[in-house]
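What follows is one structure encoded as structure tokens, with my remarks underneath.
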Amino acid sequence: MRRLFIAAATMLLALTGCQQASQPKVEPAIPSDPEIEKNVQEWIKKMTLDEKIGQMLELNLDLFGSVKVKGDYKIDRKKLLKVLQQFGNTPQDQIDEFMKLSDAEVDAKLGGYGLDIYEGNPMREWTLNEAALDTMISKWKVGSILNAPGHALTVEHWQTIIPKIQELSMKYIGIPCIYGLDNNHGVTYVAGGTIFPQAINVAASFNTDLAYESSEICAYESRAADCPWVYNPTIDLGRDPRWSRIWESYGEDPIVTSRMVEAAVRGYQGPDNNHIGPKHVATSVKHYFCYGAPWSGKDRTPAYVSPSMLREKYFEPFKNAIKAGAMTIMVNSASINGVPVHASAEYLTKWLKEDLNWDGMIVTDWADINNLYQREKVAKDKKDAIRIAINAGIDMSMDPYSVDFCVLLKELVEEGKVPMSRIDDAVSRILRLKYRLGLFDNPDTHAADYQEFACDAFAEKALHAAEETEVLLKNEGILPIAKGKRILVTGPNANQIRCLNGGWSYTWQGTNDPQFVEPYNTIYEAMCNKFGQQNVILEQGVTYNENGSWWMENEPQIAKAVAAAGRADIILACIGENSYCETPGNLTDLTLSQNQRDLVKALAKTGKPIVLIINGGRPRLIADIEPLAKAVVDILLPGNYGGDALANLLAGDVNFSAKMPYTYPKEINSLITYDYKVSEQVGTMAGAYDYDAKVTQQWPFGFGLSYTTYAYSNLKAKATEFKAGDNLTFTVDVTNTGAMAGKESVLLYSSDLVASIVPDSRRLRAFQKIALQPGETKTVTFTIPASDLAFVGADGKWILEEGEFAITVGGQVVKINATETKKWETPNI
């Protein structure tokens, strides 16, 4: 019996070995560089355990300095209470005691952290504590430092901080530090630099050149400040409009997100991922993965997603980012189907490192190893959490305010609970990153070598990017606005740069600071510049309470706005959201505020035509006021030049060309994406059972108008029958049938007409943006692998099934037929 068992086991192993051997070898995501690998291994051999563990720790800059308010100040007690309640786990009795402290005592305890706890916007100055920095680096051998001290710093200021960090790192360790910043839409933490539209706007352009150019300029200006690593791009799919970080994403579609991140990685990192030059930076694409699908709609809460959708849609952008050469990955703070991602060897080691043959580095998000025991309750304490996370595949811990990580991880290694091989692998990945950035040879980059920082050419690109990303959703002949018309600019977003930029703009929450935004134009100021100040009236009616939470509004003055409308020919109602970021942006009602809707309704009663300008980070429900408007423009978060871009578009000096990057919902019970399952759209069932499931939406994904019109014709497939290994080629003619030059995004969709699991209604497979003069026709060609039409089946494997597919482009349809079924045994195709 024992011999039979051994024989069977031997045969099973042999068969398994044959199956594994037959699997196609996955090419390295980034080709290995022999010289870099030699250097990395030499370091691994000579480093002590303390030095290795120190490389795996990332600390926050706040530990090494303090912020001082310049001049007189007064603590805003409402802001203070908000900070104490929102950003800590402080018991109520301790909060009560803290609130009794004097202004000076509060400032002494919290002033150094750059928190928004003061009345107004007092000037602040951050000072580096060199002694504290020296101690941290010399004793703990820290490998990375991140963040800005509460707000953006000038290039000159950064050039006094990061070089000092590098000087001490090279002195005490011989290994350069890697400094990281959330430069998320341009250099958001470098004062005076170029700010671009947020990622959601870039997606609305359907123009990958914008993703490339904005990333390339951000990289250049980051290196001017001596920063070689940015925590961007964000490639979580934004498929739930309740989520507070929709605006950081490229929208709801995995193909748009994939093409955008590929372009962004090239822009950030340059043409050679093994030798990133001094004008480029390493990326940290985030937040791996499914972070944008919280079941509750609240940030950093669990996602529950089917395994097939997880692999097919949510993993897709990260897979393509790694294939494009992304240097690092930042991890989802929450859990997927009950498994915290920071604790998952399946997701971190197998899916990323092994299946994709990727030698990059995985970093946690903010203090997220702690959350394995504090929030997720899958570890008994911090030491246990570190064991779980490092063994799962985490390489660097963003543990911003503590060196406990070093102490506890060393104990775990000495106890045999974390193998030395895992430490060496993690440190190899960190050192490889630093070699690829050239930091060993040149730890610093110098401002004098970056003469184009904040140049006019970069500003011009940011303006054009904004023009190409604001979406015209409705126009009943009122736009463009004729010269000489009197325009009332009203609503809470009419005169706020903060609203145009959104979060991650000079500060975490994007709160206004006059020293950063004074040179730029609000919507009102831009309209004055374009149409003449004598023709533009400002009466907002509703304003935000800048001393409260982002969603708070002051007592409305709607009657004043209505009175001002009597002097105007057209009303520009600027509605939406104030800036916010991450968890503080959570909300309880997706409907636009009552005050703003009341404002629009009151203005509609004047009989003056209304142009709604929607400005915010996610789609707020406006079904009751949309019919009152003659035109609607969704500008999303277009950045510092968004007001100027809007004025140019409304005047007709530039044509609209953007399209919606997500589905704009019409009602709270119809939150749906464009690729919904076909059974989610079912008409009334015959018989006594009154059944229906209907998809309602305010505006669909991919929708956007223009001042011109386009006609599609002659959609053709090169071949109407195909197999899994084929390439599919389609052509379609697009004609500008209007009187104005324009750009059109041409979107190609597929629909699997019958499948073994319920198919999606349609899927975007490719897109191109073309420019057309009036009367001009262009033939657009798409070539895609037939394997793109495969899906992940009920068994978790990729499959392309025999049968018919409909290909649609601009209302044109052609059908093609897969002649055989193909199932893949590999996790990725």
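A note on labels: chains of the structure tokens are A, B, ... as shown, every chain counts residues from 1, and ligands are counted from 1 in their shown order.
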Near-stretch 600-608 of chain A list (8 Å; only C-alpha atoms; drop same-chain fewer than 4 positions) as a PDB file with N, CA and C atoms, in the first residue's frame:
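Everything below was put into part_32.pdb:
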```
ATOM      1  N   ILE A 558     -29.720  83.517  -1.312  1.00  0.00           N
ATOM      2  CA  ILE A 558     -30.288  83.241  -2.634  1.00  0.00           C
ATOM      3  C   ILE A 558     -31.015  84.454  -3.200  1.00  0.00           C
ATOM      4  N   ALA A 561     -28.769  86.645  -5.230  1.00  0.00           N
ATOM      5  CA  ALA A 561     -28.442  86.112  -6.545  1.00  0.00           C
ATOM      6  C   ALA A 561     -29.609  86.286  -7.518  1.00  0.00           C
ATOM      7  N   VAL A 562     -30.822  86.073  -7.024  1.00  0.00           N
ATOM      8  CA  VAL A 562     -32.008  86.255  -7.860  1.00  0.00           C
ATOM      9  C   VAL A 562     -32.122  87.711  -8.307  1.00  0.00           C
ATOM     10  N   ALA A 565     -29.695  88.471 -11.007  1.00  0.00           N
ATOM     11  CA  ALA A 565     -30.069  87.872 -12.291  1.00  0.00           C
ATOM     12  C   ALA A 565     -30.887  88.831 -13.141  1.00  0.00           C
ATOM     13  N   GLY A 566     -31.567  89.771 -12.500  1.00  0.00           N
ATOM     14  CA  GLY A 566     -32.340  90.749 -13.255  1.00  0.00           C
ATOM     15  C   GLY A 566     -31.486  91.630 -14.147  1.00  0.00           C
ATOM     16  N   ALA A 568     -28.789  90.450 -15.731  1.00  0.00           N
ATOM     17  CA  ALA A 568     -27.991  89.569 -16.593  1.00  0.00           C
ATOM     18  C   ALA A 568     -28.819  89.006 -17.736  1.00  0.00           C
ATOM     19  N   ASP A 569     -28.117  88.597 -18.797  1.00  0.00           N
ATOM     20  CA  ASP A 569     -28.746  87.901 -19.920  1.00  0.00           C
ATOM     21  C   ASP A 569     -28.636  86.380 -19.767  1.00  0.00           C
ATOM     22  N   ILE A 570     -27.562  85.936 -19.145  1.00  0.00           N
ATOM     23  CA  ILE A 570     -27.275  84.502 -18.983  1.00  0.00           C
ATOM     24  C   ILE A 570     -26.787  84.272 -17.556  1.00  0.00           C
ATOM     25  N   ILE A 571     -27.168  83.136 -16.994  1.00  0.00           N
ATOM     26  CA  ILE A 571     -26.728  82.781 -15.645  1.00  0.00           C
ATOM     27  C   ILE A 571     -25.768  81.599 -15.735  1.00  0.00           C
ATOM     28  N   ALA A 573     -24.318  79.090 -13.377  1.00  0.00           N
ATOM     29  CA  ALA A 573     -24.487  78.558 -12.025  1.00  0.00           C
ATOM     30  C   ALA A 573     -23.413  77.517 -11.758  1.00  0.00           C
ATOM     31  N   GLN A 596     -27.714  74.427  -2.802  1.00  0.00           N
ATOM     32  CA  GLN A 596     -27.332  74.634  -4.198  1.00  0.00           C
ATOM     33  C   GLN A 596     -28.500  74.345  -5.142  1.00  0.00           C
ATOM     34  N   ILE A 625     -32.666  69.371 -11.031  1.00  0.00           N
ATOM     35  CA  ILE A 625     -32.319  70.704 -11.554  1.00  0.00           C
ATOM     36  C   ILE A 625     -31.752  70.669 -12.970  1.00  0.00           C
ATOM     37  N   LEU A 628     -33.766  72.249 -15.735  1.00  0.00           N
ATOM     38  CA  LEU A 628     -33.916  73.706 -15.670  1.00  0.00           C
ATOM     39  C   LEU A 628     -32.811  74.432 -16.439  1.00  0.00           C
ATOM     40  N   ALA A 629     -31.782  73.695 -16.859  1.00  0.00           N
ATOM     41  CA  ALA A 629     -30.630  74.319 -17.514  1.00  0.00           C
ATOM     42  C   ALA A 629     -30.716  74.191 -19.024  1.00  0.00           C
TER      43      ALA A 629
END
```
Practice task
Considering only C-alpha atoms, state which residue in the set A:Asn357, A:Asp50, A:Phe64, A:Asn586 is at the smallest distance from A:Arg300.
Solution key: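 Checking each candidate against A:Arg300, we get A:Asn586 as the closest.
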Practice task
Give the helix (DSSP H, G or I) residues of stretch 472-568 of chain A, as DSSP finds them on the backbone, and put them as a ChimeraX atom specification.
Solution key: /A:497-501,514-517,523-531,533-535,558-565
Practice task
Pick out the residues sitting within 9 Å of A:Arg765, and hand them over as number ranges by chain; count only C-alpha atoms, and ignore anything fewer than 2 positions along from it in its own chain.
Solution key: A: 255-256, 747-750, 763, 767, 784, 788-789
Put those residues in a file: N, CA, C and O atoms, as a compact mmCIF listing (two decimals), in the first residue's frame.
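Saved result, result-v6.txt, follows:
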```txt
# COMPACT_ATOMS: atom_id res chain seq x y z
N ILE A 255 -9.71 49.49 -19.49
CA ILE A 255 -8.89 49.75 -20.68
C ILE A 255 -8.42 51.21 -20.70
O ILE A 255 -7.25 51.49 -20.98
N VAL A 256 -9.32 52.14 -20.42
CA VAL A 256 -8.90 53.55 -20.32
C VAL A 256 -7.81 53.69 -19.26
O VAL A 256 -6.77 54.32 -19.49
N LEU A 747 -14.41 55.44 -29.97
CA LEU A 747 -14.42 54.36 -29.00
C LEU A 747 -14.94 53.07 -29.63
O LEU A 747 -16.01 53.07 -30.24
N LEU A 748 -14.19 51.99 -29.48
CA LEU A 748 -14.58 50.70 -30.04
C LEU A 748 -14.99 49.77 -28.90
O LEU A 748 -14.24 49.55 -27.96
N TYR A 749 -16.21 49.24 -29.00
CA TYR A 749 -16.77 48.34 -27.98
C TYR A 749 -17.00 46.96 -28.58
O TYR A 749 -17.24 46.81 -29.78
N SER A 750 -16.99 45.94 -27.69
CA SER A 750 -17.41 44.60 -28.10
C SER A 750 -18.51 44.12 -27.17
O SER A 750 -18.58 44.51 -26.00
N ARG A 763 -18.10 46.07 -23.69
CA ARG A 763 -16.81 46.40 -23.09
C ARG A 763 -16.03 47.28 -24.07
O ARG A 763 -15.94 46.97 -25.26
N PHE A 767 -9.49 52.82 -28.07
CA PHE A 767 -9.94 54.19 -28.36
C PHE A 767 -8.81 54.97 -29.00
O PHE A 767 -7.63 54.69 -28.79
N ILE A 784 -6.60 44.82 -32.42
CA ILE A 784 -6.54 44.29 -31.06
C ILE A 784 -6.34 42.78 -31.12
O ILE A 784 -6.78 42.13 -32.07
N ASP A 788 -8.27 39.64 -26.37
CA ASP A 788 -8.90 40.73 -25.61
C ASP A 788 -10.40 40.47 -25.40
O ASP A 788 -11.00 41.05 -24.50
N LEU A 789 -10.99 39.63 -26.24
CA LEU A 789 -12.41 39.35 -26.13
C LEU A 789 -12.70 38.21 -25.15
O LEU A 789 -13.85 37.87 -24.91
```
Practice task
Tell me which protein, DNA and RNA residues are within 8 Å of A:Ile369, counting only C-alpha atoms, leaving out same-chain ones fewer than 3 positions away, and put them as a ChimeraX atom specification.
Solution key: /A:342,364,372-373,382,385-386,389,397,399
Residues from last step as file, N, CA, C and O atoms, as a CSV table (one decimal), in the first residue's frame:
```csv
chain,number,residue,atom,x,y,z
A,342,HIS,N,-2.8,43.8,2.6
A,342,HIS,CA,-1.4,43.8,3.2
A,342,HIS,C,-1.1,42.5,3.8
A,342,HIS,O,0.1,42.2,4.1
A,364,THR,N,3.8,49.8,1.7
A,364,THR,CA,2.5,49.9,2.4
A,364,THR,C,1.9,51.3,2.1
A,364,THR,O,2.7,52.2,1.8
A,372,LEU,N,-3.6,46.0,10.5
A,372,LEU,CA,-3.9,44.6,10.5
A,372,LEU,C,-4.4,44.1,11.9
A,372,LEU,O,-5.1,43.2,12.0
A,373,TYR,N,-3.9,44.8,12.9
A,373,TYR,CA,-4.3,44.5,14.3
A,373,TYR,C,-5.3,45.5,14.9
A,373,TYR,O,-6.2,45.2,15.6
A,382,LYS,N,1.1,44.5,17.0
A,382,LYS,CA,1.9,45.0,16.0
A,382,LYS,C,3.0,44.0,15.5
A,382,LYS,O,3.2,43.9,14.3
A,385,ALA,N,1.4,41.6,13.3
A,385,ALA,CA,1.0,42.3,12.0
A,385,ALA,C,2.2,42.4,11.1
A,385,ALA,O,2.1,42.1,9.9
A,386,ILE,N,3.3,42.7,11.7
A,386,ILE,CA,4.6,42.8,10.8
A,386,ILE,C,4.9,41.5,10.3
A,386,ILE,O,5.3,41.3,9.1
A,389,ALA,N,2.5,40.7,7.4
A,389,ALA,CA,2.7,41.6,6.2
A,389,ALA,C,4.0,41.3,5.4
A,389,ALA,O,4.0,41.2,4.2
A,397,SER,N,7.8,49.3,4.8
A,397,SER,CA,6.6,49.7,5.7
A,397,SER,C,6.6,51.2,5.8
A,397,SER,O,7.6,51.8,6.4
A,399,ASP,N,5.7,53.5,8.0
A,399,ASP,CA,5.3,53.5,9.4
A,399,ASP,C,5.7,54.9,9.9
A,399,ASP,O,6.8,55.1,10.5
```
Exercise for the section: Tell me, as a PyMOL selection string, which residues lie within 10 Å of A:Trp366, counting only C-alpha atoms; anything in the same chain fewer than 2 positions away does not count. Expected result: chain A and resi 58-60+330-331+333+363-364+368-371+397-400
Practice task
Extract, using only C-alpha atoms, all DNA, RNA and protein residues at most 7 Å from stretch 246-248 of chain A, discarding same-chain residues fewer than 5 positions from it, and format them as a list in words.
Solution key: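 Selected residues are Gln198, Ala199, Ile200, Thr234, Gly238, Pro241, Gly617 and Arg618 of chain A.
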Compile the contact shell of stretch 494-510 of chain A as a CSV table (one decimal) with C-alpha atoms, in the first residue's frame: residues with an atom at most 6 Å away, counting only C-alpha atoms, same-chain residues fewer than 2 positions apart removed.
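The result, stored in around.csv:
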```csv
chain,number,residue,atom,x,y,z
A,151,HIS,CA,1.9,72.2,2.8
A,152,ALA,CA,4.0,72.7,-0.3
A,188,THR,CA,1.4,69.4,-5.8
A,189,TYR,CA,3.9,69.7,-3.0
A,490,THR,CA,-23.2,82.5,-9.2
A,491,GLY,CA,-22.9,79.4,-6.9
A,492,PRO,CA,-20.3,78.3,-4.4
A,512,ASN,CA,-6.8,77.4,0.1
A,522,THR,CA,-11.2,81.5,-10.5
A,523,ILE,CA,-14.1,81.0,-12.9
A,524,TYR,CA,-15.4,84.5,-12.1
A,574,CYS,CA,-21.3,77.0,-10.7
A,578,ASN,CA,-15.4,71.9,-2.2
A,579,SER,CA,-12.1,70.1,-2.1
A,580,TYR,CA,-11.5,67.1,0.1
A,581,CYS,CA,-9.2,64.0,0.1
A,637,LEU,CA,-11.3,69.1,-11.3
A,638,PRO,CA,-9.3,70.9,-14.0
A,639,GLY,CA,-6.6,72.5,-11.9
```
Practice task
Run DSSP on the backbone and give me the residues of stretch 91-175 of chain A it puts in strand (DSSP E or B), as a count of residues only.
Solution key: 10
Practice task
Just give me the gap between atom CA of A:Ala462 and atom CA of A:Pro197 in Å, one decimal is fine.
Solution key: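 Separation between atom CA of A:Ala462 and atom CA of A:Pro197: 7.3 Å.
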Fill in the blank from the handout: What separates atom CA of A:Tyr212 and atom CA of A:Phe782 is a distance of 20.8 Å
Fill in the blank from the handout: One decimal place gives the atom CA of A:Ser713-atom CA of A:Gly810 separation as 8.5 Å
